[in-house]
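A.B. asks: Take a look at this one; I'll ask things after.
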Amino acid sequence: MTLGLISFLSVCIFCIQVPQCQTGCAEVDSMTEAVAGESFTLGCISCKRREEVPASAIVSWHFKPPGDEEFIQIFLYRHPTPTILHEQFEERLEWQGTTGTKDVQVGTVFIHNVTHNDSGTYLCTFNRTLHLSLYGENVIINKEVELTVVDEANRELVAVISEIMMYVLIVVLQLWMIGVLIYCYKKISAENEAREARKAARSQNKLIDSKDPCDGVYLE
């Protein structure tokens, strides 16, 4: 349950779209462990240092299997077209990065049906051009992801602690609610008892006031 939640949050983080009006960007490292037969998000985010400067970027992904020395290009995104460039990843790579603008800052891709052959080093490259008033400046940013494919997901310590804290919080909240119910019940009961006591006192006072003095004469 917790692992699924973490994966979902990771997808949400890496799938943040960066439209032209967005004023902030946060670079988040990709996860590095995938489960065979499932899908996996290869995260890659490169934020512009000056948001007020218009820019355009081309994102390419390269892959190097374990033991190899050279990268092979597997994917290219040039707005608005994503292109798969290697047969090993044919129909398995899906663009999850920035859309709707050439100013790409999220270069995330999604791998469907992960296999053990997908283990290795992935290189994400942003080829960004900053469109300055007098000239264009070219900037290249490289980010590497070491991906390991396993048969079963390993529960990390953070996930275990998070799950424990979640159950502790649930128990604490339930005890707090029980305490509030008991306090409210006692308070309502005390108010009811006080109300009944006041009614009884008023009734007794009315009974005393309604008694007539003997022959209209008070004995001193």
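Naming scheme: A, B, ... for chains in displayed order of the structure tokens; residues 1 onward per chain; ligands 1 onward as shown.
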Skipping near chain neighbours, those fewer than 3 positions away, what residues fall within 12 Å of Gln88 in chain A using only C-alpha atoms, listed as a compact mmCIF listing (two decimals) with N, CA and C atoms, in the first residue's frame?

C.D. replies:
```
# COMPACT_ATOMS: atom_id res chain seq x y z
N PHE A 63 20.86 5.26 -23.42
CA PHE A 63 20.91 4.09 -22.55
C PHE A 63 22.22 3.34 -22.74
N PRO A 65 23.77 -0.33 -21.41
CA PRO A 65 23.60 -1.56 -20.62
C PRO A 65 24.83 -1.82 -19.75
N ILE A 72 23.65 4.49 -26.20
CA ILE A 72 22.87 4.47 -27.44
C ILE A 72 21.65 5.36 -27.23
N GLN A 73 21.30 6.14 -28.25
CA GLN A 73 20.15 7.03 -28.12
C GLN A 73 18.87 6.24 -28.29
N ILE A 74 17.94 6.43 -27.37
CA ILE A 74 16.70 5.64 -27.39
C ILE A 74 15.46 6.51 -27.55
N PHE A 75 15.58 7.83 -27.28
CA PHE A 75 14.38 8.65 -27.29
C PHE A 75 14.76 10.11 -27.56
N ILE A 84 10.63 7.48 -30.45
CA ILE A 84 11.39 6.35 -29.91
C ILE A 84 12.40 5.92 -30.96
N LEU A 85 13.68 5.81 -30.57
CA LEU A 85 14.75 5.62 -31.55
C LEU A 85 15.43 4.26 -31.45
N GLU A 91 7.40 1.09 -28.59
CA GLU A 91 6.05 1.06 -28.02
C GLU A 91 6.05 0.90 -26.49
N ARG A 92 7.20 1.13 -25.85
CA ARG A 92 7.25 1.01 -24.39
C ARG A 92 7.61 2.32 -23.70
N LEU A 93 8.07 3.29 -24.45
CA LEU A 93 8.41 4.59 -23.87
C LEU A 93 7.28 5.57 -24.14
N ILE A 111 8.42 4.09 -18.74
CA ILE A 111 8.73 2.80 -19.37
C ILE A 111 7.64 1.81 -18.99
N HIS A 112 6.99 1.24 -19.98
CA HIS A 112 5.96 0.23 -19.75
C HIS A 112 6.59 -1.17 -19.80
N ASN A 113 6.03 -2.07 -18.99
CA ASN A 113 6.45 -3.48 -19.01
C ASN A 113 7.97 -3.62 -18.90
N VAL A 114 8.49 -3.18 -17.76
CA VAL A 114 9.94 -3.20 -17.53
C VAL A 114 10.47 -4.63 -17.53
N THR A 115 11.65 -4.84 -18.14
CA THR A 115 12.32 -6.14 -18.14
C THR A 115 13.71 -5.98 -17.51
N HIS A 116 14.34 -7.12 -17.21
CA HIS A 116 15.69 -7.07 -16.63
C HIS A 116 16.69 -6.48 -17.62
N ASN A 117 16.39 -6.55 -18.92
CA ASN A 117 17.28 -5.96 -19.92
C ASN A 117 17.29 -4.44 -19.86
N ASP A 118 16.35 -3.87 -19.12
CA ASP A 118 16.29 -2.41 -18.99
C ASP A 118 17.22 -1.89 -17.90
```

A.B. asks: Pull the helix (DSSP H, G or I) assignments for range 85-151 of chain A out of DSSP run on the backbone, and list those residues as an mmCIF file with C-alpha atoms, in the first residue's frame.

C.D. replies:
```cif
data_model
loop_
_atom_site.group_PDB
_atom_site.id
_atom_site.type_symbol
_atom_site.label_atom_id
_atom_site.label_comp_id
_atom_site.auth_asym_id
_atom_site.auth_seq_id
_atom_site.Cartn_x
_atom_site.Cartn_y
_atom_site.Cartn_z
ATOM 1 C CA GLU A 87 13.773 -1.184 -31.078
ATOM 2 C CA GLN A 88 14.338 -2.433 -27.511
ATOM 3 C CA PHE A 89 12.024 0.327 -26.278
ATOM 4 C CA HIS A 116 15.686 -7.065 -16.634
ATOM 5 C CA ASN A 117 17.278 -5.965 -19.918
ATOM 6 C CA ASP A 118 16.291 -2.408 -18.991
#
```

A.B. asks: If we count only C-alpha atoms, what is near Leu76 in chain A at a cut-off of 9 Å, once residues fewer than 3 positions away on the same chain are taken out, given as a list of chain:residue names?

C.D. replies: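 The residues that qualify are A:Ile58, A:Val59, A:Ser60, A:Trp61, A:Gln73, A:Thr81, A:Pro82, A:Thr83, A:Ile84, A:Leu85.
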
A.B. asks: Restricting the calculation to only C-alpha atoms: of A:Ala201, A:Cys47, A:Leu123, A:Ile178, which residue gets closest to Leu147 in chain A?

C.D. replies: A:Leu123

A.B. asks: Out of range 76-180 of chain A, which residues get strand (DSSP E or B) from DSSP, as JSON, numbers by chain?

C.D. replies: {"A": [76, 77, 78, 81, 82, 83, 84, 93, 94, 95, 106, 109, 110, 111, 120, 121, 122, 123, 124, 125, 126, 127, 128, 129, 130, 131, 136, 137, 138, 139, 140, 141, 142, 143, 144, 145, 146, 147, 148, 149, 150]}

A.B. asks: Could you save those same residues with N, CA and C atoms as a short mmCIF file (atom, residue, chain, number, x, y, z; two decimals), in the first residue's frame?

C.D. replies:
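File produced: result27.cif:
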```cif
data_model
loop_
_atom_site.label_atom_id
_atom_site.label_comp_id
_atom_site.auth_asym_id
_atom_site.auth_seq_id
_atom_site.Cartn_x
_atom_site.Cartn_y
_atom_site.Cartn_z
N LEU A 76 13.86 10.80 -28.26
CA LEU A 76 14.07 12.22 -28.55
C LEU A 76 12.73 12.94 -28.48
N TYR A 77 12.72 14.08 -27.76
CA TYR A 77 11.53 14.92 -27.75
C TYR A 77 11.88 16.30 -28.27
N ARG A 78 11.28 16.62 -29.39
CA ARG A 78 11.39 17.95 -29.99
C ARG A 78 9.96 18.45 -30.16
N THR A 81 6.75 16.67 -30.81
CA THR A 81 6.77 15.27 -31.22
C THR A 81 7.77 14.44 -30.42
N PRO A 82 7.31 13.38 -29.72
CA PRO A 82 8.22 12.42 -29.10
C PRO A 82 8.54 11.30 -30.09
N THR A 83 9.80 10.86 -30.09
CA THR A 83 10.22 9.83 -31.03
C THR A 83 11.04 8.77 -30.31
N ILE A 84 10.63 7.48 -30.45
CA ILE A 84 11.39 6.35 -29.91
C ILE A 84 12.40 5.92 -30.96
N LEU A 93 8.07 3.29 -24.45
CA LEU A 93 8.41 4.59 -23.87
C LEU A 93 7.28 5.57 -24.14
N GLU A 94 6.95 6.33 -23.11
CA GLU A 94 5.88 7.33 -23.22
C GLU A 94 6.36 8.64 -22.61
N TRP A 95 6.18 9.72 -23.36
CA TRP A 95 6.59 11.04 -22.88
C TRP A 95 5.68 11.51 -21.75
N VAL A 106 10.63 19.71 -17.84
CA VAL A 106 10.44 18.36 -17.33
C VAL A 106 10.62 17.39 -18.49
N VAL A 109 10.21 10.42 -18.83
CA VAL A 109 9.62 9.40 -19.70
C VAL A 109 9.14 8.22 -18.85
N PHE A 110 8.18 7.50 -19.37
CA PHE A 110 7.55 6.38 -18.68
C PHE A 110 7.88 5.10 -19.45
N ILE A 111 8.42 4.09 -18.74
CA ILE A 111 8.73 2.80 -19.37
C ILE A 111 7.64 1.81 -18.99
N GLY A 120 20.54 -0.66 -16.22
CA GLY A 120 21.70 0.02 -16.78
C GLY A 120 21.69 1.49 -16.44
N THR A 121 22.46 2.26 -17.20
CA THR A 121 22.60 3.69 -16.97
C THR A 121 21.84 4.46 -18.05
N TYR A 122 21.01 5.38 -17.61
CA TYR A 122 20.25 6.23 -18.53
C TYR A 122 20.78 7.66 -18.44
N LEU A 123 20.93 8.28 -19.58
CA LEU A 123 21.43 9.65 -19.65
C LEU A 123 20.36 10.53 -20.27
N CYS A 124 19.94 11.53 -19.48
CA CYS A 124 18.96 12.50 -19.96
C CYS A 124 19.70 13.79 -20.30
N THR A 125 19.49 14.29 -21.51
CA THR A 125 20.20 15.49 -21.97
C THR A 125 19.21 16.57 -22.39
N PHE A 126 19.36 17.74 -21.78
CA PHE A 126 18.60 18.93 -22.19
C PHE A 126 19.52 19.80 -23.05
N ASN A 127 19.11 20.01 -24.27
CA ASN A 127 19.80 20.95 -25.15
C ASN A 127 18.93 22.20 -25.23
N ARG A 128 19.26 23.18 -24.38
CA ARG A 128 18.39 24.34 -24.22
C ARG A 128 19.01 25.58 -24.86
N THR A 129 18.16 26.33 -25.54
CA THR A 129 18.57 27.60 -26.12
C THR A 129 17.83 28.72 -25.42
N LEU A 130 18.58 29.64 -24.83
CA LEU A 130 18.01 30.82 -24.19
C LEU A 130 17.93 31.94 -25.21
N HIS A 131 16.72 32.43 -25.45
CA HIS A 131 16.51 33.45 -26.48
C HIS A 131 16.67 34.84 -25.84
N GLY A 136 21.30 34.24 -28.99
CA GLY A 136 20.83 33.03 -28.34
C GLY A 136 21.97 32.29 -27.68
N GLU A 137 21.75 31.88 -26.45
CA GLU A 137 22.79 31.16 -25.71
C GLU A 137 22.38 29.69 -25.57
N ASN A 138 23.28 28.79 -25.94
CA ASN A 138 23.01 27.36 -25.88
C ASN A 138 23.58 26.76 -24.60
N VAL A 139 22.74 25.99 -23.91
CA VAL A 139 23.14 25.34 -22.65
C VAL A 139 22.78 23.86 -22.74
N ILE A 140 23.73 23.00 -22.35
CA ILE A 140 23.50 21.56 -22.35
C ILE A 140 23.59 21.04 -20.91
N ILE A 141 22.55 20.34 -20.47
CA ILE A 141 22.51 19.76 -19.13
C ILE A 141 22.35 18.26 -19.24
N ASN A 142 23.21 17.52 -18.56
CA ASN A 142 23.15 16.06 -18.55
C ASN A 142 22.80 15.55 -17.16
N LYS A 143 21.93 14.57 -17.10
CA LYS A 143 21.57 13.92 -15.84
C LYS A 143 21.56 12.42 -16.04
N GLU A 144 22.22 11.68 -15.14
CA GLU A 144 22.30 10.22 -15.24
C GLU A 144 21.41 9.55 -14.20
N VAL A 145 20.84 8.41 -14.59
CA VAL A 145 20.02 7.60 -13.69
C VAL A 145 20.50 6.16 -13.78
N GLU A 146 20.93 5.60 -12.65
CA GLU A 146 21.35 4.20 -12.58
C GLU A 146 20.13 3.36 -12.21
N LEU A 147 19.62 2.60 -13.16
CA LEU A 147 18.39 1.84 -12.94
C LEU A 147 18.70 0.37 -12.68
N THR A 148 18.10 -0.16 -11.62
CA THR A 148 18.20 -1.57 -11.28
C THR A 148 16.80 -2.18 -11.35
N VAL A 149 16.67 -3.30 -12.04
CA VAL A 149 15.39 -3.99 -12.16
C VAL A 149 15.40 -5.22 -11.27
N VAL A 150 14.41 -5.34 -10.40
CA VAL A 150 14.31 -6.45 -9.46
C VAL A 150 13.00 -7.20 -9.69
#
```

A.B. asks: Any idea what the distance is between CA of Gly67 in chain A and CA of Leu42 in chain A?

C.D. replies: 20.8 Å

A.B. asks: Rounded to one decimal, what separation in Å do you get between CA of Asn154 in chain A and CA of Glu90 in chain A?

C.D. replies: 27.9 Å

A.B. asks: Which residue, A:Ala55, A:Asp151, A:His79, A:Lys102, has the smallest gap to Glu38 in chain A when you use only C-alpha atoms?

C.D. replies: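 Using only C-alpha atoms, Glu38 in chain A sits closest to A:Asp151.
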